[in-house]
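Asks: Handing you a structure now.
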Amino acid sequence: MKLNKARGIFGLPVLTDNIIWLWVENNSLVVIDPALSQPVKNFIKENDLFLDSILQTHHHYDHIGGTEDLIKEWPNVKVIASIKEKKRIPFQNCSVKDNDQVKILNKEFRIIELKGHTSAHISFFSKEFESPILFVGDTLFSGGCGRIFEGTNAQMYNSIKKISNLPSDTKIYCAHEYTKSNLLWALNLYPEDKLIQKKLLEVEKKISLNQLTIPTTLKEEMDINLFLKAKNLKEFSNLRAQKDTWT
Ligand SMILES: [Fe+2]
C-alpha cells in the first residue's frame, strides 16, 4: 500500500479477517497488533517510514505474531503492552496498566483495561485526533463483541459499559472484520430493525468495493450493536450465549 498522504490511520487486512492498524505521522509509524511482520515491513519500505511503536491489545497470536520479527529489524521500537502480560508478551519494553497515560508519537493516550476476551486485555484511547479514537482489539466489534475466553460475562459486560461511556463520536478501530456476519446474526434476532437493515446495506456496499467496514463509531454502534444495547448483565449474557452457538 503506497500512501499519498503524510498522516492518517490505515487498515491492512491480513489472514482471514484480521486488520493491522497503521498510524502514520509524517515519517513515523505506529503499528497496532501486527499479526504478521511481512506486510508491515513492505508498508514501511514502500513509504520510507520509521517504526516508532507497536501497541499490543492482548496476547493472542493473531495480534502479536509479527512483533518479534519486527523487533529484529527495528531493535529500538517501543513495544507497549499490559504489565500483567509480561509472560505472554515477553518482548514488551513499555509496560502499562489501567488508566495510565502514555505519550505515543506526539499524542496522549489513556490505557483502558477491558477484561473478558482475555484476563488482561487493554485498549488505547486518545482525544488528540480530529475525533477521539479507540484501538479496541477484540473487545468490541462492529455489530458484535469478543468471545469470552478467560474472563466472565460480568467482566465483559463491564468492559462494554466502559466503552459506552466514551464520547459518542469516538472512532472504534477493532482488530477483525466481522461486521457482516455480526449484522446477519442481529437481524436474525430482530428482522424488523430498520437501523440494522440500513447498516447491513452500507456494509455490503463497502465489501463489494473491497473496502473495510471499520472504523465504526460509538454512536453508530449504540444503534446497531445488541451487546452495547443490552440493558443488564442477564440480557448481555443471553446474547453472548446465543451468539456463541449461532452459525
Ligand atoms: Fe483475540
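Chains: A, B, ... in order of the C-alpha cells. Residues: from 1 per chain. Ligands: from 1, in order shown.
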Neighbours of ligand 1 at 9 Å or closer, counting only C-alpha atoms and all ligand atoms: which residues, as number ranges by chain?

Replies: A: 57-63, 117-118, 121, 137-139, 146-147, 149, 175

Asks: Only N, CA, C and O atoms, please: the residues just picked out, written as a PDB file, in the first residue's frame.

Replies:
```pdb
ATOM      1  N   THR A  57      -2.811  -5.106  22.162  1.00  0.00           N
ATOM      2  CA  THR A  57      -4.021  -5.105  22.995  1.00  0.00           C
ATOM      3  C   THR A  57      -4.120  -6.367  23.853  1.00  0.00           C
ATOM      4  O   THR A  57      -4.640  -6.329  24.952  1.00  0.00           O
ATOM      5  N   HIS A  58      -3.637  -7.493  23.320  1.00  0.00           N
ATOM      6  CA  HIS A  58      -3.661  -8.734  24.111  1.00  0.00           C
ATOM      7  C   HIS A  58      -2.728  -9.758  23.465  1.00  0.00           C
ATOM      8  O   HIS A  58      -2.136  -9.503  22.418  1.00  0.00           O
ATOM      9  N   HIS A  59      -2.600 -10.916  24.122  1.00  0.00           N
ATOM     10  CA  HIS A  59      -1.516 -11.836  23.779  1.00  0.00           C
ATOM     11  C   HIS A  59      -1.830 -12.814  22.643  1.00  0.00           C
ATOM     12  O   HIS A  59      -0.958 -13.611  22.276  1.00  0.00           O
ATOM     13  N   HIS A  60      -3.032 -12.827  22.110  1.00  0.00           N
ATOM     14  CA  HIS A  60      -3.354 -13.845  21.090  1.00  0.00           C
ATOM     15  C   HIS A  60      -2.397 -13.731  19.893  1.00  0.00           C
ATOM     16  O   HIS A  60      -2.029 -12.633  19.477  1.00  0.00           O
ATOM     17  N   TYR A  61      -2.069 -14.905  19.351  1.00  0.00           N
ATOM     18  CA  TYR A  61      -1.017 -14.948  18.337  1.00  0.00           C
ATOM     19  C   TYR A  61      -1.369 -14.135  17.090  1.00  0.00           C
ATOM     20  O   TYR A  61      -0.487 -13.574  16.434  1.00  0.00           O
ATOM     21  N   ASP A  62      -2.660 -14.051  16.775  1.00  0.00           N
ATOM     22  CA  ASP A  62      -3.044 -13.256  15.598  1.00  0.00           C
ATOM     23  C   ASP A  62      -3.019 -11.748  15.900  1.00  0.00           C
ATOM     24  O   ASP A  62      -3.513 -10.945  15.102  1.00  0.00           O
ATOM     25  N   HIS A  63      -2.409 -11.384  17.020  1.00  0.00           N
ATOM     26  CA  HIS A  63      -2.198  -9.964  17.344  1.00  0.00           C
ATOM     27  C   HIS A  63      -0.724  -9.653  17.600  1.00  0.00           C
ATOM     28  O   HIS A  63      -0.285  -8.525  17.429  1.00  0.00           O
ATOM     29  N   HIS A 117     -12.397 -10.840  27.078  1.00  0.00           N
ATOM     30  CA  HIS A 117     -11.871 -11.675  25.987  1.00  0.00           C
ATOM     31  C   HIS A 117     -10.638 -12.423  26.491  1.00  0.00           C
ATOM     32  O   HIS A 117     -10.489 -13.618  26.280  1.00  0.00           O
ATOM     33  N   THR A 118      -9.732 -11.674  27.149  1.00  0.00           N
ATOM     34  CA  THR A 118      -8.631 -12.283  27.912  1.00  0.00           C
ATOM     35  C   THR A 118      -8.609 -11.593  29.274  1.00  0.00           C
ATOM     36  O   THR A 118      -9.299 -10.601  29.490  1.00  0.00           O
ATOM     37  N   HIS A 121      -6.732  -7.843  28.788  1.00  0.00           N
ATOM     38  CA  HIS A 121      -6.862  -7.125  27.510  1.00  0.00           C
ATOM     39  C   HIS A 121      -6.874  -5.616  27.786  1.00  0.00           C
ATOM     40  O   HIS A 121      -7.556  -5.161  28.698  1.00  0.00           O
ATOM     41  N   GLY A 137      -8.932  -3.651  19.981  1.00  0.00           N
ATOM     42  CA  GLY A 137      -8.555  -5.073  19.902  1.00  0.00           C
ATOM     43  C   GLY A 137      -9.751  -5.958  19.652  1.00  0.00           C
ATOM     44  O   GLY A 137     -10.546  -5.716  18.721  1.00  0.00           O
ATOM     45  N   ASP A 138      -9.919  -6.982  20.488  1.00  0.00           N
ATOM     46  CA  ASP A 138     -11.002  -7.956  20.297  1.00  0.00           C
ATOM     47  C   ASP A 138     -12.093  -7.812  21.356  1.00  0.00           C
ATOM     48  O   ASP A 138     -12.737  -8.795  21.722  1.00  0.00           O
ATOM     49  N   THR A 139     -12.286  -6.591  21.873  1.00  0.00           N
ATOM     50  CA  THR A 139     -13.349  -6.433  22.875  1.00  0.00           C
ATOM     51  C   THR A 139     -14.671  -6.061  22.218  1.00  0.00           C
ATOM     52  O   THR A 139     -15.694  -6.687  22.477  1.00  0.00           O
ATOM     53  N   GLY A 146     -16.242  -9.385  21.509  1.00  0.00           N
ATOM     54  CA  GLY A 146     -15.319 -10.512  21.507  1.00  0.00           C
ATOM     55  C   GLY A 146     -15.870 -11.697  22.291  1.00  0.00           C
ATOM     56  O   GLY A 146     -16.692 -11.530  23.196  1.00  0.00           O
ATOM     57  N   ARG A 147     -15.388 -12.867  21.945  1.00  0.00           N
ATOM     58  CA  ARG A 147     -15.752 -14.050  22.733  1.00  0.00           C
ATOM     59  C   ARG A 147     -15.084 -13.968  24.098  1.00  0.00           C
ATOM     60  O   ARG A 147     -14.002 -13.386  24.229  1.00  0.00           O
ATOM     61  N   PHE A 149     -13.017 -15.664  26.502  1.00  0.00           N
ATOM     62  CA  PHE A 149     -12.141 -16.830  26.622  1.00  0.00           C
ATOM     63  C   PHE A 149     -11.614 -17.007  28.043  1.00  0.00           C
ATOM     64  O   PHE A 149     -11.484 -18.109  28.533  1.00  0.00           O
ATOM     65  N   ALA A 175     -10.050  -5.150  15.699  1.00  0.00           N
ATOM     66  CA  ALA A 175      -8.987  -5.914  15.056  1.00  0.00           C
ATOM     67  C   ALA A 175      -9.482  -7.008  14.109  1.00  0.00           C
ATOM     68  O   ALA A 175      -8.674  -7.769  13.577  1.00  0.00           O
TER      69      ALA A 175
END
```

Asks: Skip segment 177-181 of chain A itself and residues of its chain fewer than 5 positions away, then list as a list in words all residues within 10 Å of it, counting only C-alpha atoms.

Replies: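 So the residues in contact are Pro13, Thr16, Asp17, Asn18, Ile19, Phe141, Ser142, Gly143, Gly144, Cys145, Ala186, Leu187, Lys199, Leu200, Leu201, Glu202, Val203, Glu204, Ile207, Leu212, Thr213, Ile214, Pro215, Thr216 and Thr247 of chain A.
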
Asks: Print the selection's residues with C-alpha atoms to a file, as a PDB file, in the first residue's frame.

Replies:
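File produced: again-v2.pdb:
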```pdb
ATOM      1  CA  PRO A  13      -6.316  -6.684   6.065  1.00  0.00           C
ATOM      2  CA  THR A  16      -8.748 -14.443   7.133  1.00  0.00           C
ATOM      3  CA  ASP A  17     -10.246 -11.406   8.811  1.00  0.00           C
ATOM      4  CA  ASN A  18      -7.595  -9.611  10.898  1.00  0.00           C
ATOM      5  CA  ILE A  19      -6.870  -5.919  10.467  1.00  0.00           C
ATOM      6  CA  PHE A 141     -16.563  -5.398  17.007  1.00  0.00           C
ATOM      7  CA  SER A 142     -18.948  -3.604  14.701  1.00  0.00           C
ATOM      8  CA  GLY A 143     -22.263  -5.271  15.492  1.00  0.00           C
ATOM      9  CA  GLY A 144     -20.680  -7.643  17.994  1.00  0.00           C
ATOM     10  CA  CYS A 145     -18.235  -8.198  20.831  1.00  0.00           C
ATOM     11  CA  ALA A 186     -28.505  -9.438  14.843  1.00  0.00           C
ATOM     12  CA  LEU A 187     -31.081  -9.366  12.028  1.00  0.00           C
ATOM     13  CA  LYS A 199     -26.186  -0.721   8.266  1.00  0.00           C
ATOM     14  CA  LEU A 200     -26.119  -4.103   6.514  1.00  0.00           C
ATOM     15  CA  LEU A 201     -26.771  -2.418   3.160  1.00  0.00           C
ATOM     16  CA  GLU A 202     -23.924   0.049   3.775  1.00  0.00           C
ATOM     17  CA  VAL A 203     -21.602  -2.754   4.826  1.00  0.00           C
ATOM     18  CA  GLU A 204     -22.441  -4.902   1.791  1.00  0.00           C
ATOM     19  CA  ILE A 207     -17.450  -5.076   0.875  1.00  0.00           C
ATOM     20  CA  LEU A 212     -13.009  -2.252   5.114  1.00  0.00           C
ATOM     21  CA  THR A 213     -16.189  -1.674   7.132  1.00  0.00           C
ATOM     22  CA  ILE A 214     -14.098  -0.413  10.074  1.00  0.00           C
ATOM     23  CA  PRO A 215     -13.559   2.031  11.762  1.00  0.00           C
ATOM     24  CA  THR A 216     -17.029   2.383  13.129  1.00  0.00           C
ATOM     25  CA  THR A 247     -23.719 -20.443  12.706  1.00  0.00           C
TER      26      THR A 247
END
```

Asks: Skipping near chain neighbours, those fewer than 6 positions away, what residues fall within 9 Å of Lys84 of chain A using only C-alpha atoms, listed as a PyMOL selection string?

Replies: chain A and resi 95-97+119-120

Asks: Generate the output file for the selected residues, all heavy atoms, as a CSV table (one decimal), in the first residue's frame.

Replies:
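Below is the file that was written, result-v7.csv:
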```csv
chain,number,residue,atom,x,y,z
A,95,SER,N,5.7,-1.2,29.7
A,95,SER,CA,4.6,-1.9,30.3
A,95,SER,C,3.6,-1.0,31.0
A,95,SER,O,4.0,0.0,31.7
A,95,SER,CB,5.1,-2.9,31.4
A,95,SER,OG,6.1,-3.7,30.9
A,96,VAL,N,2.3,-1.2,30.7
A,96,VAL,CA,1.3,-0.2,31.1
A,96,VAL,C,0.2,-0.9,31.9
A,96,VAL,O,0.0,-2.2,31.8
A,96,VAL,CB,0.7,0.5,29.9
A,96,VAL,CG1,1.7,1.4,29.3
A,96,VAL,CG2,0.1,-0.4,28.9
A,97,LYS,N,-0.6,-0.1,32.6
A,97,LYS,CA,-1.8,-0.7,33.3
A,97,LYS,C,-3.0,0.3,33.2
A,97,LYS,O,-2.8,1.4,32.6
A,97,LYS,CB,-1.4,-0.9,34.8
A,97,LYS,CG,-1.0,0.4,35.5
A,97,LYS,CD,-0.6,0.1,37.0
A,97,LYS,CE,-0.4,1.4,37.8
A,97,LYS,NZ,0.5,2.4,37.1
A,119,SER,N,-7.8,-12.1,30.2
A,119,SER,CA,-7.8,-11.6,31.5
A,119,SER,C,-7.1,-10.2,31.7
A,119,SER,O,-7.3,-9.5,32.7
A,119,SER,CB,-7.1,-12.6,32.5
A,119,SER,OG,-5.8,-12.8,32.0
A,120,ALA,N,-6.3,-9.8,30.7
A,120,ALA,CA,-5.6,-8.5,30.8
A,120,ALA,C,-5.6,-7.8,29.5
A,120,ALA,O,-4.7,-7.1,29.2
A,120,ALA,CB,-4.2,-8.8,31.3
```

Asks: What lies within 9 Å of segment 217-234 of chain A using only C-alpha atoms, ignoring chain neighbours under 2 positions off, as a ChimeraX atom specification?

Replies: /A:133,140-145,153-154,157-158,160-161,163-164,166-173,182-183,186,193,195-196,199,214-215,236-240

Asks: Run DSSP on the backbone and grab whatever in segment 1-56 of chain A lands in helix (DSSP H, G or I); send it over as a VMD selection string.

Replies: chain A and resid 38 to 47

Asks: Keeping N, CA and C atoms, export the residues of the selection given above as a CSV table (one decimal), in the first residue's frame.

Replies:
```
chain,number,residue,atom,x,y,z
A,38,GLN,N,5.6,-9.4,7.6
A,38,GLN,CA,5.9,-9.1,6.2
A,38,GLN,C,5.1,-8.0,5.6
A,39,PRO,N,3.8,-8.0,5.8
A,39,PRO,CA,3.0,-6.9,5.2
A,39,PRO,C,3.4,-5.5,5.8
A,40,VAL,N,3.7,-5.6,7.1
A,40,VAL,CA,4.1,-4.3,7.8
A,40,VAL,C,5.5,-3.8,7.2
A,41,LYS,N,6.4,-4.8,7.1
A,41,LYS,CA,7.7,-4.4,6.5
A,41,LYS,C,7.6,-3.8,5.1
A,42,ASN,N,6.7,-4.5,4.3
A,42,ASN,CA,6.5,-3.9,3.0
A,42,ASN,C,6.0,-2.5,3.0
A,43,PHE,N,5.0,-2.3,3.9
A,43,PHE,CA,4.4,-1.0,4.1
A,43,PHE,C,5.5,0.1,4.5
A,44,ILE,N,6.3,-0.3,5.4
A,44,ILE,CA,7.4,0.6,5.9
A,44,ILE,C,8.3,1.0,4.8
A,45,LYS,N,8.7,-0.1,4.0
A,45,LYS,CA,9.7,0.2,2.9
A,45,LYS,C,9.1,1.0,1.8
A,46,GLU,N,7.9,0.6,1.4
A,46,GLU,CA,7.2,1.3,0.3
A,46,GLU,C,7.0,2.8,0.6
A,47,ASN,N,6.8,3.1,1.9
A,47,ASN,CA,6.5,4.5,2.3
A,47,ASN,C,7.7,5.2,3.0
```

Asks: What does the distance between atom CA of Gln155 of chain A and atom CA of Glu85 of chain A come to in Å, to one decimal place?

Replies: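 Computing it gives 17.7 Å between the two atoms.
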